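Comments concern the structure below.
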Amino acid sequence: MIQTNRLDRGFFKYQQEFEDKALEVLRSGWYILGKEVSSFEESFAAFTGSKYAVGLASGLDALILAFRALGIGKGDEVIVQGNTYIASVMGITINGATPVFVEPDEYYNIDADKIEEKITDKTKAVLVVHLYGQASRMDKVVEICKAHSLKLVEDCAQSHGSCFKGKVTGSFGDVGCFSFYPSKNIGAFGDAGAIVTDNKDIADNIRILRNYGSEKRYHNKVVGMNSRLDELQAGLLSVRLRHAKELNEEKIRVAKRYDELIKNPLIKLPKKREGCDHIYHQYVIRTEKRDELMEYLKANEINTIIHYPIPPHLSEAYAYLGFKEGSFPITESYAGQLLSIPMYNGIYKEEQDRVIEVLNEYKG
Ligand SMILES: Cc1ncc(COP(=O)(O)O)c(C=O)c1O
């Protein structure tokens with residue numbers, strides 16, 4: 001069976017470096033908030049072209065703390081695309097704020113032309129999600145946020161190192177939120193996340209919030225959380241970060257082969273936005289009879305995944321928002337038509353060839 005994603009291949013690529021670092025941290029006797037976290041934060045800030053990075057326990061925590069640090073909560077509205085992973089929306093609602101959904105564009109990111117019609121006097125921020133690894137239309141989004149004095153938060157869980165016109169995602173807004181869930185382009189060996197920002201007050205505030213609201217031990221200023229990135233994950237992430245460029249480049253090469261060699265009129269390949277990178281966290285194809293294609297691939301020993309079958313506005317968790325099927329037709333049609341095909345570091349050429357061959361033979 002060819003898997004949609006395989007994490008072991010990425011580990012074996014740099015096995016010695018990971019094992020050396022793991023042993024170094026284990027033998028150090030220091031496991032929480034130490035030199036590995038500081039050093040990772042410094043290199044990750046540089047990687048994203050930001051002044052500050054703060055390591056956290058997950059991508060969801062990064063979103064929660066970003067909105068909290070920006071003072072966004074009850075009574076406030078945050079504009080976000082409808083077709084995202086539900087954690088993006090949870091980052092908003094856990095703070096008591098209300099998500100206001102916008103339909104996506106043909107690149108599966110927020111349709112920037114549809115943002116302004118959703119702005120009300122309660123709107124406080126826009127959350128863009130650089131979904132599947134491709135940057136959103138940031139020139140337009142930044143312009144709108146400036147014109148309406150809105151905060152801009154970027155969900156970069158899937159876009160590590162991906163650029164819009166040469167500027168790296170995470171560096172456009174007030175806060176960039178990252179997940180290092182193991183399957184991400186820069187993945188940890190467990191849960192981990194971070195925020196990046198150019199604003200010292202926001203960085204300091206989030207540093208306090210991640211550690212029970214205390215700057216100095218037992219002197220708690222506010223009610224915070226325990227959302228610390230641990231030393232072991234930080235050390236392993238530093239190893240991964242050293243290789244981030246080549247890891248992204250490898251996925252881009254695989255995507256290029258798929259782009260050139262998958263030729264089937266029943267299948268739409270992902271579109272690339274002019275002047276943008278796509279780092280292919282996922283390689284997502286689109287087809288009318290998606291479930292049939294998925295079954296056919298499975299019968300041919302190829303696993304695929306749907307990102308995401310139920311859009312947040314139709315999930316049970318958000319039934320209270322009162323949306324019904326048909327509320328966001330483009331979002332809903334993507335949920336019924338998109339399919340992520342095998343894409344991971346270390347995927348063999350023969351595996352790629354087999355995926356291409358089977359897709360090209362599909363007759364519907
Ligand atoms: C777009 C998006 N936002 C947020 C998250 C949440 O990150 P985490 O799983 O680290 O909490 C994820 C991934 O899981 C994601 O893909």
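Scheme for the structure tokens: letters A, B, ... for chains in order shown; per-chain residue numbers from 1; ligand numbers from 1 in order shown.
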Neighbours of ligand 1 within 10 Å, counting only C-alpha atoms and all ligand atoms, as a PDB file with N, CA and C atoms, in the first residue's frame?
ATOM      1  N   LEU A  56       5.566  27.029  21.547  1.00  0.00           N
ATOM      2  CA  LEU A  56       4.347  26.678  22.293  1.00  0.00           C
ATOM      3  C   LEU A  56       4.081  25.181  22.158  1.00  0.00           C
ATOM      4  N   ALA A  57       3.020  24.732  22.835  1.00  0.00           N
ATOM      5  CA  ALA A  57       2.758  23.290  22.869  1.00  0.00           C
ATOM      6  C   ALA A  57       2.046  22.766  21.619  1.00  0.00           C
ATOM      7  N   SER A  58       1.368  23.637  20.864  1.00  0.00           N
ATOM      8  CA  SER A  58       0.665  23.174  19.660  1.00  0.00           C
ATOM      9  C   SER A  58       0.283  24.357  18.779  1.00  0.00           C
ATOM     10  N   GLY A  59      -0.186  24.031  17.590  1.00  0.00           N
ATOM     11  CA  GLY A  59      -0.667  25.064  16.676  1.00  0.00           C
ATOM     12  C   GLY A  59      -1.974  25.681  17.173  1.00  0.00           C
ATOM     13  N   LEU A  60      -2.819  24.849  17.761  1.00  0.00           N
ATOM     14  CA  LEU A  60      -4.073  25.404  18.292  1.00  0.00           C
ATOM     15  C   LEU A  60      -3.762  26.407  19.402  1.00  0.00           C
ATOM     16  N   ASP A  61      -2.840  26.064  20.274  1.00  0.00           N
ATOM     17  CA  ASP A  61      -2.462  27.019  21.333  1.00  0.00           C
ATOM     18  C   ASP A  61      -1.918  28.317  20.735  1.00  0.00           C
ATOM     19  N   ALA A  62      -1.170  28.199  19.655  1.00  0.00           N
ATOM     20  CA  ALA A  62      -0.622  29.403  19.011  1.00  0.00           C
ATOM     21  C   ALA A  62      -1.766  30.328  18.587  1.00  0.00           C
ATOM     22  N   LEU A  63      -2.814  29.742  17.998  1.00  0.00           N
ATOM     23  CA  LEU A  63      -3.970  30.544  17.558  1.00  0.00           C
ATOM     24  C   LEU A  63      -4.711  31.137  18.757  1.00  0.00           C
ATOM     25  N   ILE A  64      -4.943  30.299  19.755  1.00  0.00           N
ATOM     26  CA  ILE A  64      -5.670  30.774  20.953  1.00  0.00           C
ATOM     27  C   ILE A  64      -4.924  31.949  21.581  1.00  0.00           C
ATOM     28  N   ASN A  83     -13.244  27.086   4.406  1.00  0.00           N
ATOM     29  CA  ASN A  83     -12.667  25.760   4.133  1.00  0.00           C
ATOM     30  C   ASN A  83     -11.334  25.570   4.830  1.00  0.00           C
ATOM     31  N   THR A  84     -11.346  25.597   6.145  1.00  0.00           N
ATOM     32  CA  THR A  84     -10.078  25.397   6.840  1.00  0.00           C
ATOM     33  C   THR A  84     -10.190  24.227   7.798  1.00  0.00           C
ATOM     34  N   TYR A  85      -9.033  23.859   8.360  1.00  0.00           N
ATOM     35  CA  TYR A  85      -9.065  22.862   9.423  1.00  0.00           C
ATOM     36  C   TYR A  85      -9.733  23.513  10.626  1.00  0.00           C
ATOM     37  N   ILE A  86     -10.518  22.751  11.333  1.00  0.00           N
ATOM     38  CA  ILE A  86     -11.385  23.328  12.375  1.00  0.00           C
ATOM     39  C   ILE A  86     -10.600  24.033  13.487  1.00  0.00           C
ATOM     40  N   ALA A  87      -9.333  23.670  13.664  1.00  0.00           N
ATOM     41  CA  ALA A  87      -8.528  24.318  14.723  1.00  0.00           C
ATOM     42  C   ALA A  87      -8.410  25.824  14.488  1.00  0.00           C
ATOM     43  N   SER A  88      -8.381  26.244  13.220  1.00  0.00           N
ATOM     44  CA  SER A  88      -8.290  27.688  12.928  1.00  0.00           C
ATOM     45  C   SER A  88      -9.471  28.399  13.589  1.00  0.00           C
ATOM     46  N   VAL A  89     -10.652  27.796  13.445  1.00  0.00           N
ATOM     47  CA  VAL A  89     -11.881  28.400  13.964  1.00  0.00           C
ATOM     48  C   VAL A  89     -11.905  28.313  15.494  1.00  0.00           C
ATOM     49  N   MET A  90     -11.403  27.209  16.019  1.00  0.00           N
ATOM     50  CA  MET A  90     -11.374  27.052  17.483  1.00  0.00           C
ATOM     51  C   MET A  90     -10.494  28.110  18.136  1.00  0.00           C
ATOM     52  N   GLY A  91      -9.420  28.493  17.458  1.00  0.00           N
ATOM     53  CA  GLY A  91      -8.551  29.554  17.994  1.00  0.00           C
ATOM     54  C   GLY A  91      -9.339  30.834  18.235  1.00  0.00           C
ATOM     55  N   VAL A 128      -6.037  34.587   8.067  1.00  0.00           N
ATOM     56  CA  VAL A 128      -5.835  33.890   6.796  1.00  0.00           C
ATOM     57  C   VAL A 128      -5.155  32.553   7.084  1.00  0.00           C
ATOM     58  N   VAL A 129      -5.531  31.552   6.310  1.00  0.00           N
ATOM     59  CA  VAL A 129      -4.937  30.219   6.466  1.00  0.00           C
ATOM     60  C   VAL A 129      -4.261  29.897   5.138  1.00  0.00           C
ATOM     61  N   HIS A 130      -2.958  29.746   5.157  1.00  0.00           N
ATOM     62  CA  HIS A 130      -2.242  29.450   3.907  1.00  0.00           C
ATOM     63  C   HIS A 130      -2.356  27.942   3.673  1.00  0.00           C
ATOM     64  N   LEU A 131      -3.552  27.560   3.199  1.00  0.00           N
ATOM     65  CA  LEU A 131      -3.922  26.152   3.192  1.00  0.00           C
ATOM     66  C   LEU A 131      -3.126  25.314   2.181  1.00  0.00           C
ATOM     67  N   TYR A 132      -2.781  24.141   2.599  1.00  0.00           N
ATOM     68  CA  TYR A 132      -2.064  23.114   1.816  1.00  0.00           C
ATOM     69  C   TYR A 132      -0.624  23.508   1.480  1.00  0.00           C
ATOM     70  N   GLY A 133      -0.197  24.720   1.897  1.00  0.00           N
ATOM     71  CA  GLY A 133       1.196  25.113   1.661  1.00  0.00           C
ATOM     72  C   GLY A 133       1.364  26.280   0.723  1.00  0.00           C
ATOM     73  N   GLU A 154      -2.071  35.139  10.859  1.00  0.00           N
ATOM     74  CA  GLU A 154      -1.846  34.138   9.803  1.00  0.00           C
ATOM     75  C   GLU A 154      -1.749  32.745  10.421  1.00  0.00           C
ATOM     76  N   ASP A 155      -2.525  31.825   9.891  1.00  0.00           N
ATOM     77  CA  ASP A 155      -2.402  30.430  10.299  1.00  0.00           C
ATOM     78  C   ASP A 155      -1.452  29.768   9.298  1.00  0.00           C
ATOM     79  N   CYS A 156      -0.233  29.562   9.768  1.00  0.00           N
ATOM     80  CA  CYS A 156       0.829  29.027   8.892  1.00  0.00           C
ATOM     81  C   CYS A 156       1.119  27.567   9.207  1.00  0.00           C
ATOM     82  N   ALA A 157       0.145  26.881   9.794  1.00  0.00           N
ATOM     83  CA  ALA A 157       0.354  25.479  10.171  1.00  0.00           C
ATOM     84  C   ALA A 157       0.813  24.640   8.981  1.00  0.00           C
ATOM     85  N   GLN A 158       0.404  25.070   7.756  1.00  0.00           N
ATOM     86  CA  GLN A 158       0.713  24.258   6.579  1.00  0.00           C
ATOM     87  C   GLN A 158       1.664  24.970   5.614  1.00  0.00           C
ATOM     88  N   SER A 159       2.243  26.094   6.022  1.00  0.00           N
ATOM     89  CA  SER A 159       2.975  26.907   5.040  1.00  0.00           C
ATOM     90  C   SER A 159       4.392  27.288   5.478  1.00  0.00           C
ATOM     91  N   CYS A 177       0.976  32.070  13.216  1.00  0.00           N
ATOM     92  CA  CYS A 177       0.800  30.908  14.106  1.00  0.00           C
ATOM     93  C   CYS A 177       1.222  29.631  13.385  1.00  0.00           C
ATOM     94  N   PHE A 178       2.051  28.862  14.042  1.00  0.00           N
ATOM     95  CA  PHE A 178       2.596  27.644  13.421  1.00  0.00           C
ATOM     96  C   PHE A 178       2.278  26.405  14.239  1.00  0.00           C
ATOM     97  N   SER A 179       2.035  25.306  13.534  1.00  0.00           N
ATOM     98  CA  SER A 179       1.947  23.989  14.168  1.00  0.00           C
ATOM     99  C   SER A 179       3.152  23.188  13.697  1.00  0.00           C
ATOM    100  N   PHE A 180       3.718  22.415  14.602  1.00  0.00           N
ATOM    101  CA  PHE A 180       4.785  21.483  14.197  1.00  0.00           C
ATOM    102  C   PHE A 180       4.328  20.040  14.412  1.00  0.00           C
ATOM    103  N   TYR A 181       3.036  19.831  14.277  1.00  0.00           N
ATOM    104  CA  TYR A 181       2.476  18.470  14.301  1.00  0.00           C
ATOM    105  C   TYR A 181       3.358  17.611  13.375  1.00  0.00           C
ATOM    106  N   PRO A 182       3.608  16.343  13.746  1.00  0.00           N
ATOM    107  CA  PRO A 182       4.623  15.569  13.006  1.00  0.00           C
ATOM    108  C   PRO A 182       4.509  15.543  11.485  1.00  0.00           C
ATOM    109  N   SER A 183       3.286  15.644  10.947  1.00  0.00           N
ATOM    110  CA  SER A 183       3.159  15.554   9.486  1.00  0.00           C
ATOM    111  C   SER A 183       3.380  16.890   8.777  1.00  0.00           C
ATOM    112  N   LYS A 184       3.595  17.958   9.535  1.00  0.00           N
ATOM    113  CA  LYS A 184       3.793  19.263   8.884  1.00  0.00           C
ATOM    114  C   LYS A 184       5.153  19.301   8.181  1.00  0.00           C
ATOM    115  N   GLY A 187       8.147  19.203  11.013  1.00  0.00           N
ATOM    116  CA  GLY A 187       7.364  18.447  11.998  1.00  0.00           C
ATOM    117  C   GLY A 187       8.205  18.046  13.191  1.00  0.00           C
ATOM    118  N   ALA A 188       7.563  18.059  14.364  1.00  0.00           N
ATOM    119  CA  ALA A 188       8.236  17.589  15.582  1.00  0.00           C
ATOM    120  C   ALA A 188       7.987  16.084  15.722  1.00  0.00           C
ATOM    121  N   GLY A 190       6.051  14.827  18.121  1.00  0.00           N
ATOM    122  CA  GLY A 190       4.980  14.926  19.104  1.00  0.00           C
ATOM    123  C   GLY A 190       4.299  16.240  18.781  1.00  0.00           C
ATOM    124  N   ASP A 191       3.537  16.782  19.723  1.00  0.00           N
ATOM    125  CA  ASP A 191       2.874  18.068  19.482  1.00  0.00           C
ATOM    126  C   ASP A 191       3.815  19.230  19.774  1.00  0.00           C
ATOM    127  N   ALA A 192       3.701  20.267  18.969  1.00  0.00           N
ATOM    128  CA  ALA A 192       4.505  21.479  19.192  1.00  0.00           C
ATOM    129  C   ALA A 192       3.959  22.584  18.297  1.00  0.00           C
ATOM    130  N   GLY A 193       4.238  23.834  18.689  1.00  0.00           N
ATOM    131  CA  GLY A 193       3.793  24.976  17.886  1.00  0.00           C
ATOM    132  C   GLY A 193       4.605  26.207  18.221  1.00  0.00           C
ATOM    133  N   ALA A 194       4.286  27.325  17.562  1.00  0.00           N
ATOM    134  CA  ALA A 194       4.999  28.586  17.848  1.00  0.00           C
ATOM    135  C   ALA A 194       4.204  29.748  17.278  1.00  0.00           C
ATOM    136  N   HIS A 281       2.453  21.093   1.448  1.00  0.00           N
ATOM    137  CA  HIS A 281       2.150  20.323   2.662  1.00  0.00           C
ATOM    138  C   HIS A 281       1.232  19.173   2.229  1.00  0.00           C
ATOM    139  N   HIS A 307      -8.902  16.402   2.955  1.00  0.00           N
ATOM    140  CA  HIS A 307      -8.689  17.576   3.807  1.00  0.00           C
ATOM    141  C   HIS A 307      -9.621  18.685   3.343  1.00  0.00           C
ATOM    142  N   TYR A 308     -10.818  18.827   3.841  1.00  0.00           N
ATOM    143  CA  TYR A 308     -11.421  18.213   5.004  1.00  0.00           C
ATOM    144  C   TYR A 308     -12.841  17.856   4.628  1.00  0.00           C
TER     145      TYR A 308
END
Name the residues in contact with range 7-17 of chain A at a cut-off of 7 Å, using only C-alpha atoms, excluding same-chain residues fewer than 3 positions from it; report them as a PyMOL selection string.
chain A and resi 20-21+183+239+345-346
Give the alpha helix (DSSP H) residues of range 237-269 of chain A, as DSSP finds them on the backbone, and put them as an mmCIF file with N, CA, C and O atoms, in the first residue's frame.
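The resulting file, states.cif, is reproduced below:
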data_model
loop_
_atom_site.group_PDB
_atom_site.id
_atom_site.type_symbol
_atom_site.label_atom_id
_atom_site.label_comp_id
_atom_site.auth_asym_id
_atom_site.auth_seq_id
_atom_site.Cartn_x
_atom_site.Cartn_y
_atom_site.Cartn_z
ATOM 1 N N LEU A 237 13.344 19.897 16.599
ATOM 2 C CA LEU A 237 12.863 20.858 15.595
ATOM 3 C C LEU A 237 14.019 21.668 15.004
ATOM 4 O O LEU A 237 13.988 22.024 13.829
ATOM 5 N N SER A 238 15.026 21.951 15.823
ATOM 6 C CA SER A 238 16.188 22.687 15.294
ATOM 7 C C SER A 238 16.897 21.866 14.224
ATOM 8 O O SER A 238 17.369 22.406 13.216
ATOM 9 N N VAL A 239 16.952 20.550 14.438
ATOM 10 C CA VAL A 239 17.556 19.675 13.416
ATOM 11 C C VAL A 239 16.720 19.752 12.140
ATOM 12 O O VAL A 239 17.233 19.965 11.038
ATOM 13 N N ARG A 240 15.404 19.632 12.308
ATOM 14 C CA ARG A 240 14.504 19.656 11.148
ATOM 15 C C ARG A 240 14.615 21.001 10.417
ATOM 16 O O ARG A 240 14.643 21.052 9.192
ATOM 17 N N LEU A 241 14.683 22.079 11.209
ATOM 18 C CA LEU A 241 14.732 23.425 10.616
ATOM 19 C C LEU A 241 15.991 23.620 9.762
ATOM 20 O O LEU A 241 15.944 24.267 8.722
ATOM 21 N N ARG A 242 17.100 23.035 10.204
ATOM 22 C CA ARG A 242 18.344 23.117 9.410
ATOM 23 C C ARG A 242 18.143 22.558 8.011
ATOM 24 O O ARG A 242 18.816 22.935 7.072
ATOM 25 N N ALA A 244 15.064 22.416 6.473
ATOM 26 C CA ALA A 244 13.724 22.799 5.988
ATOM 27 C C ALA A 244 13.730 23.098 4.493
ATOM 28 O O ALA A 244 12.826 22.696 3.760
ATOM 29 N N LYS A 245 14.768 23.808 4.040
ATOM 30 C CA LYS A 245 14.796 24.212 2.644
ATOM 31 C C LYS A 245 14.825 22.970 1.729
ATOM 32 O O LYS A 245 14.043 22.856 0.795
ATOM 33 N N GLU A 246 15.723 22.041 2.054
ATOM 34 C CA GLU A 246 15.809 20.862 1.168
ATOM 35 C C GLU A 246 14.564 19.966 1.301
ATOM 36 O O GLU A 246 14.152 19.333 0.318
ATOM 37 N N LEU A 247 13.958 19.946 2.499
ATOM 38 C CA LEU A 247 12.734 19.154 2.668
ATOM 39 C C LEU A 247 11.604 19.738 1.821
ATOM 40 O O LEU A 247 10.884 19.007 1.134
ATOM 41 N N ASN A 248 11.476 21.072 1.850
ATOM 42 C CA ASN A 248 10.458 21.721 1.001
ATOM 43 C C ASN A 248 10.768 21.495 -0.473
ATOM 44 O O ASN A 248 9.874 21.185 -1.269
ATOM 45 N N GLU A 249 12.050 21.629 -0.834
ATOM 46 C CA GLU A 249 12.418 21.479 -2.249
ATOM 47 C C GLU A 249 12.097 20.080 -2.772
ATOM 48 O O GLU A 249 11.689 19.909 -3.917
ATOM 49 N N GLU A 250 12.284 19.093 -1.900
ATOM 50 C CA GLU A 250 11.981 17.720 -2.327
ATOM 51 C C GLU A 250 10.483 17.583 -2.662
ATOM 52 O O GLU A 250 10.115 17.018 -3.698
ATOM 53 N N LYS A 251 9.626 18.151 -1.787
ATOM 54 C CA LYS A 251 8.179 18.072 -2.049
ATOM 55 C C LYS A 251 7.820 18.842 -3.321
ATOM 56 O O LYS A 251 6.949 18.414 -4.082
ATOM 57 N N ILE A 252 8.473 19.967 -3.529
ATOM 58 C CA ILE A 252 8.196 20.772 -4.735
ATOM 59 C C ILE A 252 8.567 19.968 -5.995
ATOM 60 O O ILE A 252 7.862 20.001 -7.001
ATOM 61 N N ARG A 253 9.668 19.203 -5.909
ATOM 62 C CA ARG A 253 10.071 18.365 -7.057
ATOM 63 C C ARG A 253 9.033 17.274 -7.340
ATOM 64 O O ARG A 253 8.688 17.009 -8.489
ATOM 65 N N VAL A 254 8.527 16.666 -6.272
ATOM 66 C CA VAL A 254 7.511 15.617 -6.450
ATOM 67 C C VAL A 254 6.260 16.240 -7.083
ATOM 68 O O VAL A 254 5.688 15.693 -8.036
ATOM 69 N N ALA A 255 5.873 17.424 -6.568
ATOM 70 C CA ALA A 255 4.675 18.105 -7.095
ATOM 71 C C ALA A 255 4.853 18.431 -8.575
ATOM 72 O O ALA A 255 3.908 18.318 -9.365
ATOM 73 N N LYS A 256 6.060 18.817 -8.950
ATOM 74 C CA LYS A 256 6.326 19.168 -10.347
ATOM 75 C C LYS A 256 6.119 17.940 -11.242
ATOM 76 O O LYS A 256 5.544 18.042 -12.328
ATOM 77 N N ARG A 257 6.545 16.777 -10.766
ATOM 78 C CA ARG A 257 6.330 15.547 -11.538
ATOM 79 C C ARG A 257 4.835 15.255 -11.669
ATOM 80 O O ARG A 257 4.352 14.916 -12.736
ATOM 81 N N TYR A 258 4.111 15.396 -10.537
ATOM 82 C CA TYR A 258 2.653 15.192 -10.593
ATOM 83 C C TYR A 258 2.031 16.181 -11.588
ATOM 84 O O TYR A 258 1.208 15.806 -12.420
ATOM 85 N N ASP A 259 2.446 17.473 -11.479
ATOM 86 C CA ASP A 259 1.883 18.512 -12.368
ATOM 87 C C ASP A 259 2.082 18.139 -13.838
ATOM 88 O O ASP A 259 1.199 18.309 -14.671
ATOM 89 N N GLU A 260 3.284 17.650 -14.130
ATOM 90 C CA GLU A 260 3.615 17.387 -15.537
ATOM 91 C C GLU A 260 3.049 16.073 -16.051
ATOM 92 O O GLU A 260 2.714 15.962 -17.225
ATOM 93 N N LEU A 261 2.941 15.089 -15.151
ATOM 94 C CA LEU A 261 2.657 13.739 -15.646
ATOM 95 C C LEU A 261 1.237 13.248 -15.398
ATOM 96 O O LEU A 261 0.794 12.301 -16.037
#
Report as a PyMOL selection string: the residues of range 42-271 of chain A with a DSSP assignment of strand (DSSP E or B), based on the backbone of this structure.
chain A and resi 52-56+77-81+98-102+104+110+123-129+134+151-155+163-164+167-168+175-179+193-197+211+214-216+219-220+226+228+230+268
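Distances to Asp174 in chain A were evaluated for A:Ile32, A:Ile306, A:Ala66, A:Leu266 using only C-alpha atoms, and the minimum falls at A:Ala66.
Considering only C-alpha atoms, the residue among A:Met294, A:Cys163, A:Val153, A:Leu338 positioned nearest to Leu269 in chain A is A:Leu338.
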Val223 in chain A proximity check over A:Arg68, A:Gly96, A:Ile267, A:Lys298, using only C-alpha atoms: winner is A:Arg68
Could you tell me how far CA of Val37 in chain A lies from CA of Leu229 in chain A, in Å and to one decimal?
7.0 Å
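Taking only C-alpha atoms, the non-local environment of Lys151 in chain A within 12 Å (same-chain residues fewer than 4 positions away omitted) comprises Ala66, Phe67, Ala69, Leu70, Gly71, Ile72, Asp76, Glu77, Val78, Ile79, Thr123, Lys124, Ala125, Val126, Leu127, Val128, Val141, Val142, Glu143, Ile144, Cys145, Lys146, Ala147, Phe172, Gly173, Asp174, Val175 and Gly176 of chain A.
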